[in-house]
Structures are given as C-alpha cells and as structure tokens.
Amino acid sequence: MATISHTRLESGTTIKSQSNNPFYKDKFKQFQSHSVKKENNILDELFSRYFNLKPDEDILKVMKIFGQFEQPFEDLEKLVNEDDELTRANNLSNIFLTCLNSHRPIKSMKDTVEMYRSIKCMNKLAYYFFKSKRFSSPEQAKIFLQELVRNSDFFRNNIN
C-alpha cells in the first residue's frame with residue numbers, strides 16, 4: 001500500500017505523495033522544506049501532479065529535461081525580446097521543437113543561442129559602421145565585417 005505524506009503550501013493547498021519509491025519521497029521532503037508562494041493555479045496543478053506520482057510515472061524525468069532547457073531558453077528569449085509577441089511566440093516554439101527533435105537537444109538549444117548572439121552582434125556592429133558613414137548600406141557593412149573577421153589573425157588561429 002502506498003505511503004501518503006502531506007504538506008500544506010502557503011497558498012493553502014494541501015499536497016500529498018503516494019509514492020513508495022524512496023527517490024520520490026526524498027524529493028517530496030525537499031519540497032516540504034521550502035516555502036512556496038502561490039502565483040496561480042499552475043503551481044497547484046504542478047505540485048498536485050508531482051506529489052501524486054506513482055513509481056512508474058515519468059513526470060520527474062520530463063521536469064528535469066525542462067530544467068535543463070531553462071537557462072538556454074531564457075537566454076534565447078531575451079535575444080528575441082524585440083520581436084512582436086506573435087513572431088516571438090512562433091520563433092521560440094519552433095526553435096524548441098527543432099532542438100527537441102535533434103540528437104542532442106540541450107546542445108542544439110545552446111548552439112542556437114550562440115548563433116542568435118553572433119547575428120545580433122554582427123548586426124549591431126554593421127549598424128555602427130553604416131551610421132559612421134563608412135558604408136552606403138548596413139548590408140555593405142556586414143559584408144565588410146565578415147571579410148574583416150575572415151582575414152584576421154584571430155580567425156586563422158581560432159580552431160572553432
């Protein structure tokens with residue numbers, strides 16, 4: 001028979017763990033030791049589902065994967081914050097799906113973040129070169145900057 005443990009969140013919600021699995025019991029105790037503020041019903045649903053795990057459920061593994069995506073995804077979200085909401089939502093959800101379906105999803109997400117950073121940096125530099133009236137268009141400035149980097153010692157000596 002399943003052992004049931006209870007805890008009460010600051011929101012007033014009582015959550016329980018019915019798992020006999022010691023791993024889940026330890027995780028439940030960790031959550032009990034932290035006070036959690038209720039932001040909305042999503043937390044109630046999350047804790048309710050998490051703490052009612054049976055040993056054969058894989059929600060913990062799913063949540064760990066989301067935890068690994070968190071930092072690179074938030075970095076990417078900051079990089080696309082200038083887009084309108086619909087464009088940002090479409091781009092971020094498509095990027096997530098593409099990365100998740102790759103061989104190494106977390107690395108793929110990190111590589112995507114690095115590429116977005118590089119593009120953003122190149123575009124900013126091109127804009128400054130264009131504004132300093134060295135070039136007649138931002139596109140000409142980008143081409144110049146790419147060639148400048150290709151011809152640099154740093155490029156020749158850089159393995160990656």
# chains A, B, ... in the order shown; residues from 1 in each chain; ligands from 1

$ residues_around --residues "A:Lys131" --least-positions-apart "6" --cutoff "12 Å" --atoms "only C-alpha atoms" --output "PyMOL selection string"
chain A and resi 124-125+137-138+140-141

$ write_last_selection --atoms "C-alpha atoms" --output "PDB file, in the first residue's frame"
ATOM      1  CA  LYS A 124      24.870  45.999 -34.245  1.00  0.00           C
ATOM      2  CA  LEU A 125      28.414  46.437 -35.481  1.00  0.00           C
ATOM      3  CA  SER A 137      24.060  50.415 -46.503  1.00  0.00           C
ATOM      4  CA  PRO A 138      24.033  48.134 -43.447  1.00  0.00           C
ATOM      5  CA  GLN A 140      27.654  46.515 -47.216  1.00  0.00           C
ATOM      6  CA  ALA A 141      28.884  46.978 -43.653  1.00  0.00           C
TER       7      ALA A 141
END

$ closest_residue --among "A:Glu114, A:Lys120, A:Gln68, A:His103" --to "A:Val80" --atoms "only C-alpha atoms"
A:Lys120

$ closest_residue --among "A:Phe66, A:Phe73, A:Phe144, A:Tyr127" --to "A:Thr112" --atoms "only C-alpha atoms"
A:Phe73

$ atom_distance --atom1 "atom CA of A:Glu77" --atom2 "atom CA of A:Arg117"
11.4 Å

$ atom_distance --atom1 "atom CA of A:Met109" --atom2 "atom CA of A:Phe96"
7.4 Å

$ closest_residue --among "A:Arg134, A:Arg156, A:Lys110, A:Asn91" --to "A:Asp75" --atoms "only C-alpha atoms"
A:Lys110
